[in-house]
Amino acid sequence: MRHFGHIAPEVRRRLFHQEPCAFTADSPARLLSAALGATLYSPATRPNLADDVLKQAARGVVSMVLCLEDSIGDADVPAGEENLVRHLTDLAARPGARVPLLFIRVRTPGQIPDLTARLGPAAHLLSGFVLPKFTGERGLPFLEALAGAEAASGRRLFAMPVLESPDLLYQETRVPTLEGIFRAVDKYRDRVLALRLGVTDFCSSYGLRRASDMTAYDIQIVASVIADVVNVLGRADGTGFTVTGPVWEYFRVQERMFKPQLRQSPFLEVKAAALRQRLIDHAMDGLLREISLDQANGLLGKTCIHPSHVLPVHALSVVSHEEYCDARDILRPGRDGGGVLRSAYTNKMNEVKPHRAWAERTLLRAEVFGVANEDIGFVELLGAGLTDGTDRTAGDA
């Protein structure tokens, strides 16, 4: 699989200075953690789950979570497990089926070995499990169960803990909770692919919900938690983990909320009205701002609950030609001693030592999401994806 792999090769060549790399579920963890992109959640109870997975993979989704937790009712868990096992077994029997990275979001540690055993040979489709309401104390049994299931199945399995506990939110318990989380994930570092932020649960603790024109960073109590999570768990000194962006709850907004500069883009002026409307429907202003703020605050990838969010996340994750030139210059051999460089675009200072970690992360993102050609921006990347048969409606979620 690869990002933008659903786009025709000749279109990719026009869009990219460096195309996204190909990867598989067996690729190195460092590459996969950066490549998660827009991780699409789907209730495990969906009646056409196998077909849904294949359909979303064909539309550019590279990671999916099949959810047995908050997305379904308590009474539906047994039926959800049965449905999930049946459909993954069906997928495994389809020759040549191309599936994304698949994870199961469980409720209890015991579900991990149970589901792995019930899947039997179909467990090879799994990349791992999503662990809810993760803290140091609550999370260790999940991680131990994952290690046991991995040994029993012979399949490498990753964990993606969700950081959403009220203990992480409350000021008086935040620091010890973060310290406990770090000890737990550090112990199982080789199996923790990414940490996911559960911002909806944070908001619920105070009866809050952000509007469609606000980002998680506009809710100060939530922004403070994100900052502390990155501070403790997202460091660039070798001790950190990939931390993914929070879910965006809205499917579509009115045209008036679409950024004026995108409506007036020359690219849009030459496109048909149908394409223009699809761009307006999909490129939601609040979502675009939140993705940009995720990246500015050290987060990579995003939890998504609707297919229309996938392309904006991926399009904004592509490295610009200017970023690529800066990162490459900073990391050029022989510059370990430091110094200051004028950027290739002659519009900024590149300081070799302070900007080195940024440059390393940027080139990793460039490897998995690609580098845009000099004259290609977000609108062109989004438009190319939308015109490759990727129309989505709320019924596709």
# chains A, B, ... in the order shown; residues from 1 in each chain; ligands from 1
>>> residues_around(residues="Gly286 of chain A", least_positions_apart="6", cutoff="6 Å", atoms="only C-alpha atoms", output="PyMOL selection string")
chain A and resi 212-214
>>> write_last_selection(atoms="all heavy atoms", output="short mmCIF file (atom, residue, chain, number, x, y, z; two decimals), in the first residue's frame")
data_model
loop_
_atom_site.label_atom_id
_atom_site.label_comp_id
_atom_site.auth_asym_id
_atom_site.auth_seq_id
_atom_site.Cartn_x
_atom_site.Cartn_y
_atom_site.Cartn_z
N SER A 212 -18.27 23.49 15.11
CA SER A 212 -17.62 23.13 13.86
C SER A 212 -16.62 24.18 13.39
O SER A 212 -15.80 23.90 12.51
CB SER A 212 -18.66 22.89 12.76
OG SER A 212 -19.40 24.08 12.52
N ASP A 213 -16.68 25.39 13.93
CA ASP A 213 -15.72 26.41 13.55
C ASP A 213 -14.63 26.58 14.60
O ASP A 213 -13.88 27.56 14.57
CB ASP A 213 -16.43 27.75 13.30
CG ASP A 213 -17.17 28.26 14.51
OD1 ASP A 213 -17.39 27.47 15.46
OD2 ASP A 213 -17.53 29.45 14.53
N MET A 214 -14.53 25.64 15.54
CA MET A 214 -13.50 25.68 16.58
C MET A 214 -12.66 24.41 16.51
O MET A 214 -13.15 23.35 16.11
CB MET A 214 -14.13 25.80 17.97
CG MET A 214 -14.80 27.12 18.24
SD MET A 214 -15.36 27.22 19.96
CE MET A 214 -16.07 28.86 19.96
#
>>> select_by_dssp(residues="segment 54-257 of chain A", states="strand (DSSP E)", output="PyMOL selection string")
chain A and resi 63-67+101-105+126-131+158-163+195-197+243-248
>>> write_last_selection(atoms="C-alpha atoms", output="mmCIF file, in the first residue's frame")
data_model
loop_
_atom_site.group_PDB
_atom_site.id
_atom_site.type_symbol
_atom_site.label_atom_id
_atom_site.label_comp_id
_atom_site.auth_asym_id
_atom_site.auth_seq_id
_atom_site.Cartn_x
_atom_site.Cartn_y
_atom_site.Cartn_z
ATOM 1 C CA SER A 63 -5.299 2.374 8.456
ATOM 2 C CA MET A 64 -8.630 1.397 10.001
ATOM 3 C CA VAL A 65 -9.898 0.614 13.493
ATOM 4 C CA LEU A 66 -12.784 -1.832 13.874
ATOM 5 C CA CYS A 67 -14.374 -0.673 17.092
ATOM 6 C CA LEU A 101 -3.543 -1.725 8.379
ATOM 7 C CA LEU A 102 -6.312 -3.150 10.572
ATOM 8 C CA PHE A 103 -6.680 -2.689 14.330
ATOM 9 C CA ILE A 104 -9.404 -3.793 16.740
ATOM 10 C CA ARG A 105 -10.498 -1.450 19.506
ATOM 11 C CA LEU A 126 -4.442 -7.770 12.052
ATOM 12 C CA SER A 127 -1.803 -5.146 12.743
ATOM 13 C CA GLY A 128 -2.815 -4.792 16.377
ATOM 14 C CA PHE A 129 -5.255 -3.491 18.966
ATOM 15 C CA VAL A 130 -6.406 -0.100 20.209
ATOM 16 C CA LEU A 131 -6.407 0.098 24.009
ATOM 17 C CA PHE A 158 1.063 -3.462 17.800
ATOM 18 C CA ALA A 159 -0.708 -1.502 20.514
ATOM 19 C CA MET A 160 -2.225 1.931 20.089
ATOM 20 C CA PRO A 161 -3.184 3.200 23.564
ATOM 21 C CA VAL A 162 -5.880 5.891 23.721
ATOM 22 C CA LEU A 163 -5.137 8.665 26.200
ATOM 23 C CA LEU A 195 -0.510 7.063 21.167
ATOM 24 C CA ARG A 196 -3.988 8.363 20.321
ATOM 25 C CA LEU A 197 -5.685 11.322 22.003
ATOM 26 C CA VAL A 243 1.126 11.014 19.064
ATOM 27 C CA THR A 244 -1.856 11.285 16.716
ATOM 28 C CA GLY A 245 -4.338 14.120 16.389
ATOM 29 C CA PRO A 246 -7.834 14.063 17.939
ATOM 30 C CA VAL A 247 -11.037 13.147 16.158
ATOM 31 C CA TRP A 248 -13.009 15.724 14.151
#
>>> closest_residue(among="A:Leu382, A:Val199, A:Val53, A:Cys325", to="Leu341 of chain A", atoms="only C-alpha atoms")
A:Cys325
>>> residues_around(residues="Glu81 of chain A", least_positions_apart="2", cutoff="12 Å", atoms="only C-alpha atoms", output="CSV table (one decimal) with N, CA and C atoms, in the first residue's frame")
chain,number,residue,atom,x,y,z
A,43,PRO,N,-17.6,1.0,13.3
A,43,PRO,CA,-18.2,0.1,14.3
A,43,PRO,C,-18.0,-1.3,13.8
A,44,ALA,N,-17.7,-2.2,14.7
A,44,ALA,CA,-17.5,-3.6,14.3
A,44,ALA,C,-18.8,-4.3,14.0
A,45,THR,N,-19.9,-3.6,14.2
A,45,THR,CA,-21.2,-4.2,14.0
A,45,THR,C,-21.7,-4.0,12.5
A,46,ARG,N,-21.0,-3.3,11.7
A,46,ARG,CA,-21.5,-3.0,10.4
A,46,ARG,C,-21.8,-4.3,9.6
A,49,LEU,N,-19.1,-5.3,6.7
A,49,LEU,CA,-17.8,-4.8,7.2
A,49,LEU,C,-16.7,-5.2,6.2
A,66,LEU,N,-11.5,-1.2,13.8
A,66,LEU,CA,-12.8,-1.8,13.9
A,66,LEU,C,-13.1,-1.8,15.4
A,67,CYS,N,-14.2,-1.1,15.7
A,67,CYS,CA,-14.4,-0.7,17.1
A,67,CYS,C,-15.4,-1.5,17.8
A,68,LEU,N,-15.0,-2.1,19.0
A,68,LEU,CA,-15.9,-2.8,19.9
A,68,LEU,C,-16.2,-2.0,21.1
A,69,GLU,N,-15.7,-0.7,21.2
A,69,GLU,CA,-15.9,0.0,22.4
A,69,GLU,C,-17.0,1.1,22.3
A,72,ILE,N,-20.3,1.3,19.8
A,72,ILE,CA,-21.4,0.4,19.9
A,72,ILE,C,-21.9,0.3,21.3
A,74,ASP,N,-23.4,-1.4,24.8
A,74,ASP,CA,-22.9,-2.5,25.7
A,74,ASP,C,-23.5,-3.8,25.3
A,75,ALA,N,-24.8,-3.8,25.0
A,75,ALA,CA,-25.5,-5.1,24.6
A,75,ALA,C,-25.1,-5.6,23.3
A,76,ASP,N,-24.4,-4.8,22.5
A,76,ASP,CA,-24.1,-5.2,21.1
A,76,ASP,C,-22.7,-5.9,21.0
A,77,VAL,N,-21.9,-5.9,22.1
A,77,VAL,CA,-20.6,-6.4,22.1
A,77,VAL,C,-20.5,-7.8,21.6
A,78,PRO,N,-21.2,-8.8,22.1
A,78,PRO,CA,-21.1,-10.2,21.6
A,78,PRO,C,-21.4,-10.3,20.1
A,79,ALA,N,-22.4,-9.6,19.6
A,79,ALA,CA,-22.8,-9.6,18.2
A,79,ALA,C,-21.7,-8.9,17.4
A,83,ASN,N,-19.6,-10.7,14.5
A,83,ASN,CA,-19.6,-10.0,13.1
A,83,ASN,C,-18.1,-9.8,12.7
A,84,LEU,N,-17.3,-9.3,13.5
A,84,LEU,CA,-15.9,-8.9,13.2
A,84,LEU,C,-15.2,-10.2,12.8
A,85,VAL,N,-15.3,-11.3,13.6
A,85,VAL,CA,-14.6,-12.5,13.3
A,85,VAL,C,-15.1,-13.1,11.9
A,86,ARG,N,-16.4,-13.0,11.7
A,86,ARG,CA,-16.9,-13.6,10.5
A,86,ARG,C,-16.4,-12.8,9.2
A,87,HIS,N,-16.4,-11.5,9.3
A,87,HIS,CA,-16.0,-10.7,8.2
A,87,HIS,C,-14.5,-10.7,7.9
A,88,LEU,N,-13.7,-10.7,9.0
A,88,LEU,CA,-12.2,-10.8,8.8
A,88,LEU,C,-11.9,-12.2,8.2
A,104,ILE,N,-8.1,-3.6,16.0
A,104,ILE,CA,-9.4,-3.8,16.7
A,104,ILE,C,-9.4,-3.0,18.0
A,105,ARG,N,-10.4,-2.2,18.2
A,105,ARG,CA,-10.5,-1.5,19.5
A,105,ARG,C,-11.3,-2.3,20.5
A,106,VAL,N,-10.7,-2.7,21.5
A,106,VAL,CA,-11.3,-3.6,22.5
A,106,VAL,C,-11.8,-2.9,23.7
A,107,ARG,N,-12.5,-3.6,24.6
A,107,ARG,CA,-12.9,-3.0,25.9
A,107,ARG,C,-12.1,-3.5,27.1
A,111,GLN,N,-10.3,-9.7,25.7
A,111,GLN,CA,-10.8,-9.7,24.4
A,111,GLN,C,-9.6,-9.9,23.4
A,112,ILE,N,-8.4,-9.5,23.8
A,112,ILE,CA,-7.3,-9.6,22.8
A,112,ILE,C,-6.9,-11.0,22.5
A,114,ASP,N,-8.7,-13.7,23.2
A,114,ASP,CA,-9.9,-14.4,22.7
A,114,ASP,C,-10.2,-14.1,21.2
A,115,LEU,N,-10.1,-12.9,20.8
A,115,LEU,CA,-10.4,-12.6,19.4
A,115,LEU,C,-9.3,-13.1,18.5
A,116,THR,N,-8.0,-13.0,18.9
A,116,THR,CA,-6.9,-13.6,18.1
A,116,THR,C,-7.1,-15.1,17.9
A,118,ARG,N,-10.0,-16.8,18.1
A,118,ARG,CA,-11.2,-17.0,17.3
A,118,ARG,C,-10.9,-16.7,15.8
A,119,LEU,N,-10.0,-15.8,15.5
A,119,LEU,CA,-9.7,-15.5,14.1
A,119,LEU,C,-8.9,-16.6,13.5
>>> atom_distance(atom1="atom CA of Phe202 of chain A", atom2="atom CA of Ile221 of chain A")
8.6 Å
>>> atom_distance(atom1="atom CA of Pro333 of chain A", atom2="atom CA of Arg235 of chain A")
24.1 Å
